[in-house]
Structure formats: structure tokens, C-alpha cells
Amino acid sequence: MHGLGFDVAHLLAGSLVLASFMLLYQDRLYALLNVFALHAVVLALSVAWQAHIQGAPHLYVTAAIALGFKGIIIPVALHRMIVRLNIHREVEAATGIGLTMLAGIALVGLSMAVMLKVTPHADLVAREDLAFALSVLLLGLLMMVSRRNAVSQVIGFMSLENGLVLAATGAKGMPLVVEISVAFSVLIAFIVIGIFLFRIRERFDTVDVGAMDTFRGERP
Amino acid sequence: MELIGDIALQGVAMFATLAMAPLLTGIVRKAKARLLRRAGPPLVQPYRDLWRLFQKDVVLAENASWLFRATPYLVFAITWVAASLVPTFAVGLQFNWTADLITIVALLGAARFFLALAGMDVGTSFGGIGSSREMMIASLAEPAMMMIVFSLALLAGSTQLSTMAQYMLSPNVGLRVTLGLSLISLMMVGIAENARIPVDNPATHLELTMVHEAMLLEYSGRHLALLELAAFLKLLFYFSLIACLFVPWGLASTNGTWTALAVGLIAYIAKIVVGVCILALFETAIAKMRVFRVPTFLGAALMLGFLGALLLFVSRGL
Amino acid sequence: MLLVLLLWCVLALLVTAVVAVGVGQRWNITIPVYGAAGLLSAFGCAAAVAALLTNQSAALQLPLGLPWIGAHFRVDILSALFLAIVNLGGAGASLYGMGYGRHETFPSRILPFFCAFLAAMNLVVLSDDAFTFLLSWELMSLASWALVMAHHRDSENVRAGFVYIVMASFGTFALLLAFGLLAGPDGQYGFDAIRLHHPAAPLAALVFLLALVGAGSKAGLVPLHVWLPLAHPAAPSHVSALMSGVMTKVAVYAFIRIVFDLLGPPAWWWGMIVLATGVASALMGVLYGLFQTDIKRVLAYSTIENVGIIFIGLGLALAFHTDHFETAAILALTAALFHAINHSLFKSLLFLCSGAVLGATGERNLEHLGGLIHRMPLTALGCLGGCLAISGLPPFNGFASEWLTFQAILLSPELPQWGLKLGVPAVGALLALSVALAAACFVRLFGIAFLGRARSSNAAAARETDKFSLSVILGYAVLCLLVGVLPGLVIDALGPVSQLLFHGRMPDQATLPWLSLVPITPARSSYNGLLLLLFVVGAASVTALAVGLAASRAIRRAPAWDCGFPDASALTQYTAGSFSQPIRRVFGSVLFRAREEIDMPAPGDSRPARMIVRLHDVIWDTCYAPLSGAVAFLADRLNALQFLTIRRYLSLVFATLVVLLLVVATWS
């Protein structure tokens with residue numbers, strides 16, 4: 001049927017979706033961080049495999065960036081942040097985990113339907129990759145809207161960005177410059193969010209973003 | 001003549017399954033003990049326990065009905081039939097076509113139905129708590145299992161276990177995401193169905209945390225022995241199922257040579273032992289979860305199975 | 001010939017009804033009336049089965065009804081199948097009634113309507129023009145309404161009767177519109193004429209929706225089901241069995257007749273809608289059922305679940321049929337029809353068992369039952385068979401038809417439409433979920449009612465029910481098992497039906513070795529209930545023999561384990577409410593907005609602590625409460641019209657007349 005190249009790429013991209021689901025399932029911050037690290041490692045593997053089958057060495061750099069930044073540096077930093085903020089308790093999911101997962105399934109179905117419909121002539125690998133990437137992106141967004149804890153929102157954002165990288169590598173020929181700039185923008189976003197976390201915490205004594213709504217008078 | 005040979009082979013497979021099941025549990029216990037740096041009971045301990053239980057008198061609760069006394073035999077027989085319908089070391093046994101995977105899942109459901117009823121028969125709270133929780137767990141585990149069956153059946157174009165195993169052996173099955181999702185989901189279902197940690201603790205005797213054991217609380221003597229044996233068989237069933245569907249290498253076909261059969265048998269035992277060690281490692285590493293975390297756990301299994309089926313449904317239209 | 005015989009049966013039933021009205025006031029004629037009804041139904045059933053097996057078709061026109069139409073009757077293979085279901089159910093219920101009906105205080109409130117109800121259901125299935133169909137349909141509704149109101153002193157029953165009559169009128173209205181559209185402007189009311197003229201696509205879609213609403217409201221599809229769990233339990237138990245087991249099948253027949261036979265080629269989204277309502281009914285029905293404590297209401301909700309499963313099969317058949325996958329369409333249709341037969345068997349059985357329990361204890365509430373297996377062993381055995389069958393467990397019949405439905409679902413990835421591609425796996429998952437929940441529901445029903453210790457003095461004093469009832473109960477249980485182990489024979493009998501509707505049939509099953517069930521090819525899937533039963537029985541006997549030879553055979557009776565805290569009270573047992581608590585926590589908090597409150601008295605206060613659980617009927621709250629509120633509001637507003645002068649009333653009538661004339665004048 002298809003070669004080994006397709007199979008492995010498919011498997012890795014699918015594993016990334018699976019890792020996104022694992023992120024949705026976690027309700028403890030440390031476990032969440034570990035899964036996020038796993039997410040990044042799977043992404044790195046996937047990108048590296050794309051580099052291998054496309055024969056595009058610059059993708060190896062992307063893979064290395066993903067592994068280094070998202071697989072190691074950011075999780076470690078967030079870990080330390082959690083320790084310093086002393087918030088290693090349960091994350092309160094805004095809606096139940098079961099419902100969130102259901103919504104996640106629906107989103108995957110949606111992205112499949114959309115992607116496979118709008119790209120009928122493209123290469124099979126690229127089509128499935130794009131569909132998976134869109135799923136990862138949507139799941140990241142879902143994570144951001146369904147969680148109230150700022151740290152898990154950050155992680156949702158990062159996993160969303162992982163979906164973008166997956167899409168970019170599948171699409172063949174995204175220049176390295178864009179790649180690196182995306183990576184750095186994420187890093188900057190991370191730093192900014194990190195600083196904000198501490199500011200929120202200083203002011204409201206919690207990182208529950210619901211507290212800000214209360215402050216703005218949107219919630220009793 | 002050939003039919004007699006086939007039936008004999010089937011019979012051998014059935015009794016081999018039965019004979020192996022307690023050993024499997026013995027290995028799990030031993031491996032867990034060794035991981036905790038204890039000496040652990042000898043491998044044949046489950047056999048000794050069963051033997052002793054068979055020799056003991058039955059102490060029956062005063063208002064136990066005939067259903068209570070019939071259940072051990074029914075549950076044991078149903079589980080035994082289900083376990084022996086899975087191809088273990090060879091595919092295409094004479095009666096494999098009697099029941100496909102959906103039927104086998106439903107058969108185990110029938111065994112659970114009787115066991116849950118037996119739990120409620122005496123009229124104590126513990127039996128009720130066990131039955132009620134067991135049915136809650138089953139109501140999520142069964143659809144998850146069904147989703148796994150769907151995914152695999154769509155890939156293989158069949159719900160017959162023999163055909164599915166043969167398809168998995170064929171070269172045109174690639175590394176599919178669906179397969180991975182189904183495997184993870186099946187493992188989660190297997191853990192829940194066999195009352196293993198983190199869903200239930202097979203060694204617990206603290207009533208409030210029990211599920212499976214709570215239903216058996218009133219059983220003793222030969223009845224208890226049969227139900228324990230049924231539980232051993234169920235564990236073996238799940239290992240055989242995973243081995244047959246996801247690591248089918250080495251499976252012989254019934255009209256194969258004796259060497260092929262021997263290779264199949266050795267491969268089967270090796271697969272089971274590896275699986276058992278993984279289970280022991282997992283159980284040692286993880287803590288039991290609260291009963292009301294179990295729905296989330298099984299819900300995740302259901303979602304994974306469903307996601308796998310969905311991916312397959314969608315990609316079939318390409 | 002057979003048709004004439006069947007019509008004579010119907011006439012005889014109607015005559016019996018009239019006689020029962022006349023004579024029933026003075027003498028107790030329970031046994032003769034039920035005997036006559038039972039004989040006539042048995043006769044009708046035999047005739048229908050003969051028509052089914054010989055594949056006969058006959059039509060007849062009688063000079064009744066509207067003069068320019070007459071009354072058309074026809075028996076073809078589809079109506080023969082449903083006639084067999086109706087009359088088998090009728091015969092069982094009548095035989096049961098001979099024993100059960102003796103406890104009735106006012107038999108004259110039941111007997112005439114019982115016979116009329118049976119006759120009307122036969123007439124619906126036999127009729128061959130829209131007018132006769134609707135007339136019989138309405139007769140069926142009214143007769144069953146009278147039966148629901150049989151015990152009219154109970155305020156619950158009055159409410160049930162009111163909701164039922166409103167929903168039934170609504171359903172008939174929808175069917176009336178559907179037939180009006182089908183008949184077209186020329187008023188071709190005969191089914192033959194309707195079959196020849198297919199309406200245009202948008203009109204056909206409207207007819208489809210009206211038929212779904214009309215037939216679905218009688219069958220109990222969510223969200224039109226609200227009357228069913230009120231009305232079915234309110235009637236006497238053998239009538240409940242008829243309403244749940246048989247009348248819902250007549251509704252299924254009406255849907256199949258209109259959508260598969262009379263209406264032209266379907267559009268692809270029809271199947272989607274039927275699937276969606278079917279799966280919603282299956283899941284919501286069983287979840288509602290799990291939280292009920294009234295034994296008959298549990299059964300009524302489970303009817304909604306099973307009707308949902310039937311409609312899932314029908315929806316799949318429609319979807320496959322639109323895309324010309326005829327093999328798959330035939331499989332799905334056969335699965336649906338097979339499940340209809342099976343449901344009529346096991347639901348009748350279970351309602352009759354609930355009647356036996358009700359007769360023996362006077363209790364319908366699960367929380368007051370318990371331990372009946374000791375007092376009513378044979379009823380318990382029959383009920384256990386029914387519970388196994390309805391939970392979809394092999395080798396009983398419920399499993400065989402659900403297995404076929406799953407096989408049909410597995411064929412669906414070939415469908416080209418995206419909606420179906422994404423929707424059908426979800427249907428499969430939810431169907432599996434509802435089947436698993438049904439098992440939990442019936443473990444609960446049987447375990448609480450029949451096992452454990454008696455929870456009330458009534459339950460402790462129960463006695464086995466009478467011979468008539470027992471024979472029917474055990475007969476149905478045996479039928480459930482037989483159909484389950486020999487499904488091939490039933491499927492072969494269903495072959496001509498799919499031949500009629502889809503011009504094809506499933507492969508012959510009776511000729512297969514070992515009587516196994518092979519829907520498509522043996523390599524794809526097969527099931528053999530007979531061998532499975534033999535294996536299990538064989539394995540159990542071998543085990544029993546070996547245990548008897550090698551193990552200890554002694555038995556000691558002792559008190560149950562009580563953790564060293566002896567408490568003789570049966571109230572410490574698990575209750576129906578506590579049994580479903582885990583499932584309520586998983587599903588109920590979202591779907592039913594279930595809330596638990598614990599009322600814990602302060603220290604020193606001697607009142608008991610209480611846990612209060614509140615469940616909301618979401619469908620009633622969202623669909624019906626606003627509607628009834630609006631009706632009440634309008635009625636309030638219009639109340640003023642009751643106190644006008646004659647002149648005002650006349651002027652209102654006059655104005656209406658003028659407006660109508662204006663409309664006619666300006667109508668192009």
C-alpha cells in the first residue's frame with residue numbers, strides 16, 4: 001500500500017493528536033507538564049522524520065529547536081515556576097473532563113472533514129498531516145478555553161503552536177527563517193506570560209484567571 | 001477423521017487454557033513481589049489455593065437462592081468458553097467461527113450479568129456496592145471495547161478473530177494510528193475489566209474499596225474456587241486477545257505442521273510472559289484511583305477507541 | 001382467502017367488544033371474553049404466519065366508510081409480518097388476562113376496550129387506503145386511551161390519560177397531513193394510487209418528516225415520548241404488555257409503510273435524521289429507565305430504548321438505500337424488523353412478569369420489593385430470561401438482532417456523505433453504550449425486585465401467580481431463547497419482506513451447517529447461538545460433574561457476613577436508588593442536571609440525616625413546559641371571550657365568514 005515513510009509519519013502525527021488528548025485528560029499540573037514535554041518530543045520526532053523523508057536538512061534544526069525549547073527548557077522553567085508559585089494542586093477544569101474530551105473528538109472529526117474536503121488533490125501524506133495538525137491546533141484552543149488556570153492555558157497555547165509547526169513541516173518548504181522566528185516568538189510569549197503570571201499572582205494571590213473577571217466587575 | 005482431529009485440537013486448546021490460567025496469576029504475583037523486593041509466593045500457589053478451596057465446605061448465606069448457587073458454574077463456563085474461542089497459538093480452530101469478537105465481548109457481559117446478580121442475592125450492602133460499581137464500570141468499558149472491535153473490524157474487514165489475526169499477519173497492514181489508539185484503549189479496558197490496579201485492587205480486603213471482590217464476598221469453598229478460576233481465565237483471555245490481535249507473529253494455522261504448532265505455542269507463551277511482566281511493572285508503579293475517577297479513565301478509553309474508529313471511517317473515504 | 005379470514009377475526013373481536021359492553025354490566029364475563037379474544041388472536045396469528053410463509057398477497061374492497069372510496073384491505077408480506085406480531089401479542093395477553101383479569105374490580109371498564117384495541121391494531125395493519133388507515137389508527141388510540149383510564153380514580157392515571165390523548169391526537173394530525181400530501185390534489189386515497197404518484201422532492205421531505213413525527217410519537221421516539229412512560233404503566237399489566245410490545249410495533253409498521261413503501265426514493269439526510277432520533281431515544285430511554293423506581297415505568301422507558309434501536313436499523317437501511325448499497329440496506333432492514341419481533345416478545349414477557357409481581361404483592365415500587373425469587377420461583381425464572389434477552393446477552397434473542405445491527409453499522413464507512421461518515425461511528429458508540437446501560441438497568445430491576453431480602457411485608461407475603469399467567473410467562477421466555485438460538489429461521493422468514501421493499505434478500509440461513517447466522521460471508525462474520533448454548537451448557541455440566549466428583553460436596557447454611565455488626569433489618573440492603581447512584585454521577589449530572597443535597601441535622605438534633613436527589617426531566621423542561629405555559633397563557637387571554645353578549649358572538653362569526661370569503665376570492 002504505502003511505504004514505511006508514510007506509515008511512520010502518519011503514526012507520529014497521530015501520536016501528537018493523542019498527546020493533545022492526554023493533555024486534555026490531565027488535571028494535575030506536574031502531570032500536565034510531563035505530558036507537554038512528551039508532546040514536544042513527539043513533535044520533534046515527527047519533524048525529524050519529515051526531514052528524513054523529504055531530504056530537507058533544515059527541518060532537523062526545527063526538530064532540535066522543538067526538542068530543546070519545548071521539550072526541555074520550557075517544561076523545566078514552568079516546573080520551577082509552579083514550585084515557586086506553590087500551586088501544584090489540582091487544576092480546576094472549567095467544564096468536566098468527559099465533556100471536554102467529547103468536544104475534542106468532535107473537533108478532530110471536524111478538522112478531518114474540513115481538511116480532507118478542501119484538499120482533494122494534494123499528496124496523501126500532506127492531507128492527513130494537515131488534518132492532524134488542525135486537530136492539534138483546535139485541541140490546544142479547546143484547552144485554553146476550558147481551563148481556568150493560567151499555567152494550563154500557557155500549555156494549551158504551546159501545544160497549539162506545536163500544531164502549527166506540524167502543519168508547516170507537512171506542507172514542505174517552509175523556510176527556516178520563519179521557523180526560527182516562530183520559535184522565538186513563542187519563547188517571548190512564554191516569557192511575557194511568565195512575567196504576567198507572577199504579576200497576577202502578586203496582585204490577586206491566585207493564578208485562577210476567573211479572579212481577574214471578578215476584579216473587572218464582570219462576575220459577582 | 002479430520003473433524004475428530006480438529007475437535008481434539010480444540011479440546012486440547014480449551015484444557016491448556018484452563019491449566020495455564022492460574023499460572024499466569026502466579027507469575028503476576030511473583031513479579032510484583034520481586035519488584036517490591038519481596039520473595040513472593042511460589043508460582044504454583046494459585047493452584048494450591050484452588051485445590052484447598054475445592055476441598056473446603058461451602059458456607060451458604062441463609063437466604064441464598066438457587067441463582068446464587070448456579071452462578072459460579074455459569075460464570076466459569078461462560079468465561080471458559082469465551083477464553084477458548086480466542087486463537088491462542090493457532091488460528092482457524094474448528095469452532096472459532098461460532099462466535100466473533102462482538103459475541104465474545106457479549107459473552108463476557110453475560111458472565112458479568114450473573115455475577116452482579118449473585119452479588120445482590122444475599123441482600124447485604126457489600127454485594128450491592130460491588131454489583132452497582134461493576135455495572136457502572138461495565139457500562140463504560142463495554143462500549144470502549146466495542147469501539148476497538150469496530151476499528152479492528154473495519155481494518156480487517158471482518159469481526160472473526162481468526163480472520164483478523166490473519167489480516168494482522170499479512171504484510172499490507174502498516175503502522176496505523178488507529179491500531180495504536182486501539183491498543184492503548186484495549187489495555188485500559190483490560191485493566192478495568194480484570195479489576196486490576198488502578199481501577200480495583202485484586203488483593204484488597206477493605207470492603208469499601210472493593211468492586212470485584214465485594215460481589216464474591218459471600219462465596220466460599222468450591223463456589224469461590226470456580227469464581228477465582230473464572231477471574232484467572234478472564235485475565236488470560238485479555239492477554240490472549242492482545243497477543244492475537246496486536247502481536248500475532250508466530251500464530252500457526254491448524255493445518256500446519258507440528259513444528260509450526262510448537263513454534264506457535266512457544267511464541268504464545270513468550271508473548272504472555274512478557275505481557276505479564278509489563279502488567280506487574282505497571283501495577284507496581286501506579287496507585288489505585290478513587291472509584292469516581294474510574295469513569296474518567298474509562299471515558300478516556302472510550303474516546304480513544306472512538307477516535308480510532310472515526311479516523312478509520314474518515315480515511316476510508318479517500 | 002387468508003385476508004377474509006383475518007377480517008372475520010377482526011369483526012368477531014369487534015362483536016365481542018359490543019357484547020362485552022352489553023352483558024358485562026350484569027355478569028362477570030372475564031374468562032369467556034379473554035378466551036374468545038385469545039382464540040381469535042391465535043387464529044389470526046396462525047393465518048398471518050401462513051401468509052408470511054407462503055408469501056401471499058391479497059386485496060379486498062368493502063363498501064364501507066366514505067362512499068366514493070370504500071374500505072380497501074390488503075394483506076401483503078409486510079402486513080403479514082406485523083399481523084403475526086400483533087396477534088401473537090394479543091393471544092399472550094388474552095391468555096394472561098384469563099388469570100390476571102380476575103383480580104379486576106371493574107372488568108367492564110377493560111374487556112370491551114381490550115377487544116376493540118386488538119381489532120383496531122389488526123385493522124391498521126390490514127388497511128390499504130389512507131381513510132381506513134387513519135380511522136383504525138384513531139380507533140387504536142382511543143381504545144388504548146380508554147384502557148389507560150381504566151383505573152380513573154387515580155390522579156396519576158388521569159394525568160397520564162390527558163397527556164396521552166393530547167399526544168395521540170397530535171400524532172394522528174401529523175399522519176393526516178402526511179396522507180393528505182401523499183394523496184395529492186386529486187384525492188387519491190388508495191395506497192395503490194399513492195404508490196404510483198411520487199410527490200416532488202420538497203413535498204416528499206415534508207411527508208417524511210410528518211410520518212416520522214406521527215409514527216414516532218406513537219412509537220415513543222425522543223422527544224415525542226413523554227406520554228409513553230406515563231400511559232403504558234397506568235394501564236393494567238397485560239394491556240401495558242400490548243401497548244409496549246405491540247402497539248409501538250404498529251407505529252413502526254406505519255413508518256415503514258409510508259416511508260419505505262408509499263413515498264418515493266429517499267434523500268440521504270432522511271436516514272441521518274432517523275438515525276439521530278433513534279440513537280437519542282436509545283440512550284435517553286435507558287438512562288431515564290435507570291433512575292426510575294416504578295417497575296413498570298422502568299419497562300416503559302426501556303421500550304423507548306428498544307424503539308430507538310429499531311429506528312437505528314431503519315435509519316441505516318434508508319441511508320444505505322439512498323446510496324444503492326442494497327446488501328447493506330437489506331441487512332439493516334432485517335436487523336430492525338428482527339429487533340421489532342424480539343422486542344415484542346421480551347417486552348410482553350417483562351410486563352407480564354411485572355403484572356405478576358403487582359398481583360402478588362400489590363407493589364410497583366422497586367424499593368418495596370425484594371426476595372421474590374424465593375416466593376415466586378417460576379415467575380423469577382421467566383423474568384430472568386426476559387432480562388437476559390433485553391440486555392442483549394447471548395444466546396437470547398435480543399443479542400441476535402443487536403448483533404445484526406452492529407454488523408450493519410460496520411458496513412457504513414462505504415457511505416459517501418460526510419455527515420453519515422462521521423455520524424455513524426458515533427451512533428455505533430452510543431448504541432453500544434445504551435446496550436451496556438440496559439444490562440445495568442435490568443441487573444438493577446431483577447436484583448432489587450427478585451433477589452435479596454423482602455423490603456416490605458407485602459413482598460414477604462407474596463405468592464406465586466396463577467397457572468394461566470405462568471404458562472404465558474414461561475412460554476414467552478422459551479420463545480425468547482428459541483428465537484435466540486435459531487435466528488436463521490426467523491431471518492429466512494423475513495426474506496420476502498426485504499424482497500418487497502428493497503428487491504433483494506439476505507442469503508439463505510437455514511441451509512448453513514449447524515444453523516449458524518452468516519449475514520454476508522463466513523469470513524466476515526458469523527454467529528451461532530445454538531453451538532454457543534451447547535458449549536456453555538456442556539462446559540457447565542462438565543464442571544459440575546468434575547466438581548461433584550473431586551471436590552467437597554458439603555453445604556452449611558450460616559448467616560450472611562455482617563462485619564460483626566448484626567442488623568436484621570432488610571432496609572440496610574442496597575436499594576434501587578443506591579444501585580443507580582454511580583451511573584447517575586457519571587451521566588446524570590449533565591444530562592439530567594442531577595443534584596444531591598445532604599440535609600445533616602445539627603449535633604443534638606434527633607431527626608435523621610437525609611440525602612435528597614433532584615433530577616430534571618430535561619426534555620420536558622425544554623420542549624413541553626414552555627409549550628404548556630404558552631397554551632395556558634393563551635387560554636387565560638381568550639378567557640374573556642367566554643363572557644360576551646350574543647350580538648358580539650354573532651359579529652365574530654360573521655367577521656370570520658367574511659374574512660374566509662375574502663381569502664377565497666383573492667386566492668389565485
# chains A, B, ... in the order shown; residues from 1 in each chain; ligands from 1
$ residues_around --residues "Gly89 of chain C" --least-positions-apart "6" --cutoff "8 Å" --atoms "only C-alpha atoms" --output "JSON, numbers by chain"
{"C": [241, 242, 245, 246, 344, 345, 348]}
$ write_last_selection --atoms "N, CA and C atoms" --output "JSON list (two decimals), in the first residue's frame"
[["chain", "number", "residue", "atom", "x", "y", "z"],
["C", 241, "ALA", "N", -48.44, -4.63, 28.37],
["C", 241, "ALA", "CA", -47.66, -5.50, 27.51],
["C", 241, "ALA", "C", -48.07, -5.29, 26.06],
["C", 242, "LEU", "N", -49.37, -5.16, 25.83],
["C", 242, "LEU", "CA", -49.83, -4.94, 24.46],
["C", 242, "LEU", "C", -49.36, -3.58, 23.94],
["C", 245, "GLY", "N", -45.35, -3.77, 23.83],
["C", 245, "GLY", "CA", -44.80, -4.80, 22.96],
["C", 245, "GLY", "C", -45.36, -4.75, 21.57],
["C", 246, "VAL", "N", -46.62, -4.33, 21.44],
["C", 246, "VAL", "CA", -47.30, -4.49, 20.15],
["C", 246, "VAL", "C", -47.65, -3.15, 19.51],
["C", 344, "SER", "N", -41.08, -7.29, 20.83],
["C", 344, "SER", "CA", -42.46, -7.61, 21.18],
["C", 344, "SER", "C", -42.48, -8.83, 22.09],
["C", 345, "LEU", "N", -41.55, -9.77, 21.88],
["C", 345, "LEU", "CA", -41.53, -10.95, 22.74],
["C", 345, "LEU", "C", -41.07, -10.61, 24.15],
["C", 348, "SER", "N", -43.27, -7.95, 26.15],
["C", 348, "SER", "CA", -44.50, -8.54, 26.65],
["C", 348, "SER", "C", -44.19, -9.39, 27.88]]
$ residues_around --residues "segment 299-302 of chain B" --least-positions-apart "2" --cutoff "8 Å" --atoms "only C-alpha atoms" --output "ChimeraX atom specification"
/A:25,98,101 /B:140-141,143-145,147,184-186,188-189,295-297,304-306
$ write_last_selection --atoms "C-alpha atoms" --output "PDB file, in the first residue's frame"
ATOM      1  CA  TYR A  25      -7.188  14.427  30.284  1.00  0.00           C
ATOM      2  CA  GLY A  98     -15.597  13.917  29.918  1.00  0.00           C
ATOM      3  CA  MET A 101     -12.891  15.058  25.651  1.00  0.00           C
TER       4      MET A 101
ATOM      5  CA  LEU B 140     -18.283   2.375  30.009  1.00  0.00           C
ATOM      6  CA  ALA B 141     -15.862  -0.462  29.355  1.00  0.00           C
ATOM      7  CA  PRO B 143     -18.734   0.474  24.571  1.00  0.00           C
ATOM      8  CA  ALA B 144     -14.995   1.158  24.638  1.00  0.00           C
ATOM      9  CA  MET B 145     -14.395  -2.478  23.785  1.00  0.00           C
ATOM     10  CA  MET B 147     -15.201   0.726  19.538  1.00  0.00           C
ATOM     11  CA  ILE B 184      -3.972   1.676  24.356  1.00  0.00           C
ATOM     12  CA  SER B 185      -7.735   1.627  24.693  1.00  0.00           C
ATOM     13  CA  LEU B 186      -7.810  -2.171  24.871  1.00  0.00           C
ATOM     14  CA  MET B 188      -7.222   0.327  29.615  1.00  0.00           C
ATOM     15  CA  VAL B 189     -10.376  -1.746  29.171  1.00  0.00           C
ATOM     16  CA  PRO B 295     -15.398   6.867  34.765  1.00  0.00           C
ATOM     17  CA  THR B 296     -12.896   9.432  33.557  1.00  0.00           C
ATOM     18  CA  PHE B 297     -10.312   6.718  32.987  1.00  0.00           C
ATOM     19  CA  LEU B 304      -9.577   6.762  22.240  1.00  0.00           C
ATOM     20  CA  GLY B 305     -11.427   3.815  20.748  1.00  0.00           C
ATOM     21  CA  PHE B 306     -13.928   6.158  19.205  1.00  0.00           C
TER      22      PHE B 306
END
$ select_by_dssp --residues "segment 92-242 of chain B" --states "helix (DSSP H, G or I)" --output "PyMOL selection string"
chain B and resi 96-98+101-121+125-156+161-169+177-193+207-209+212-215+221-242
$ interface_residues --of "chain A" --to "chain C" --cutoff "10 Å" --atoms "only C-alpha atoms" --output "list of chain:residue names"
A:Gly96, A:Gly98, A:Leu99, A:Ala106, A:Gly109, A:Leu110, A:Met112, A:Ala113, A:Val114, A:Lys117
$ residues_around --residues "segment 251-265 of chain C" --least-positions-apart "2" --cutoff "7 Å" --atoms "only C-alpha atoms" --output "PyMOL selection string"
chain C and resi 82+194-195+198+204+208+211-212+215-216+218-219+247-249+267+501
$ interface_residues --of "chain B" --to "chain C" --cutoff "6 Å" --atoms "only C-alpha atoms" --output "number ranges by chain"
B: 54-55, 57-62, 73, 77-78, 98-99, 106, 110, 117, 120-125, 128, 132, 135-136, 139, 143, 158-160, 313
$ write_last_selection --atoms "C-alpha atoms" --output "PDB file, in the first residue's frame"
ATOM      1  CA  PHE B  54     -12.232 -27.089  46.372  1.00  0.00           C
ATOM      2  CA  GLN B  55     -11.758 -29.313  49.413  1.00  0.00           C
ATOM      3  CA  ASP B  57     -17.161 -26.914  52.682  1.00  0.00           C
ATOM      4  CA  VAL B  58     -19.410 -24.316  51.201  1.00  0.00           C
ATOM      5  CA  VAL B  59     -20.844 -21.915  53.756  1.00  0.00           C
ATOM      6  CA  LEU B  60     -24.005 -20.548  52.209  1.00  0.00           C
ATOM      7  CA  ALA B  61     -25.819 -17.474  53.470  1.00  0.00           C
ATOM      8  CA  GLU B  62     -29.238 -18.258  54.859  1.00  0.00           C
ATOM      9  CA  TYR B  73     -20.856 -22.727  37.343  1.00  0.00           C
ATOM     10  CA  ALA B  77     -18.411 -21.986  31.957  1.00  0.00           C
ATOM     11  CA  ILE B  78     -19.112 -18.781  30.043  1.00  0.00           C
ATOM     12  CA  THR B  98     -19.074 -19.946  16.327  1.00  0.00           C
ATOM     13  CA  ALA B  99     -18.610 -16.559  17.844  1.00  0.00           C
ATOM     14  CA  ALA B 106     -21.210 -10.044  24.893  1.00  0.00           C
ATOM     15  CA  ALA B 110     -23.397 -12.337  30.286  1.00  0.00           C
ATOM     16  CA  LEU B 117     -26.982 -10.626  40.259  1.00  0.00           C
ATOM     17  CA  MET B 120     -27.244  -8.808  45.140  1.00  0.00           C
ATOM     18  CA  ASP B 121     -28.747 -12.171  46.036  1.00  0.00           C
ATOM     19  CA  VAL B 122     -27.858 -12.404  49.694  1.00  0.00           C
ATOM     20  CA  GLY B 123     -29.029  -8.905  50.426  1.00  0.00           C
ATOM     21  CA  THR B 124     -26.026  -7.336  52.125  1.00  0.00           C
ATOM     22  CA  SER B 125     -24.702  -3.889  51.353  1.00  0.00           C
ATOM     23  CA  GLY B 128     -24.872  -4.378  46.283  1.00  0.00           C
ATOM     24  CA  SER B 132     -23.549  -1.427  41.317  1.00  0.00           C
ATOM     25  CA  MET B 135     -22.190  -2.346  36.255  1.00  0.00           C
ATOM     26  CA  MET B 136     -21.090   1.291  36.177  1.00  0.00           C
ATOM     27  CA  SER B 139     -21.338   0.394  31.104  1.00  0.00           C
ATOM     28  CA  PRO B 143     -18.734   0.474  24.571  1.00  0.00           C
ATOM     29  CA  SER B 158     -14.189  -8.970   9.467  1.00  0.00           C
ATOM     30  CA  THR B 159     -15.196  -9.447  13.070  1.00  0.00           C
ATOM     31  CA  GLN B 160     -13.916 -13.015  13.146  1.00  0.00           C
ATOM     32  CA  PHE B 313     -14.187   5.848   8.903  1.00  0.00           C
TER      33      PHE B 313
END
$ atom_distance --atom1 "atom CA of Met243 of chain C" --atom2 "atom CA of Ser144 of chain C"
7.6 Å
$ closest_residue --among "A:Thr62, A:Thr100, A:Asn86, A:Thr169" --to "Leu141 of chain A" --atoms "only C-alpha atoms"
A:Thr100
$ closest_residue --among "A:Val165, A:Leu29, A:Ala103, A:Met81" --to "chain B" --atoms "only C-alpha atoms"
A:Ala103
$ atom_distance --atom1 "atom CA of Ala225 of chain B" --atom2 "atom CA of Asp49 of chain B"
8.1 Å
$ closest_residue --among "B:Arg293, B:His212, B:Arg52, B:Arg222" --to "chain A" --atoms "only C-alpha atoms"
B:Arg293
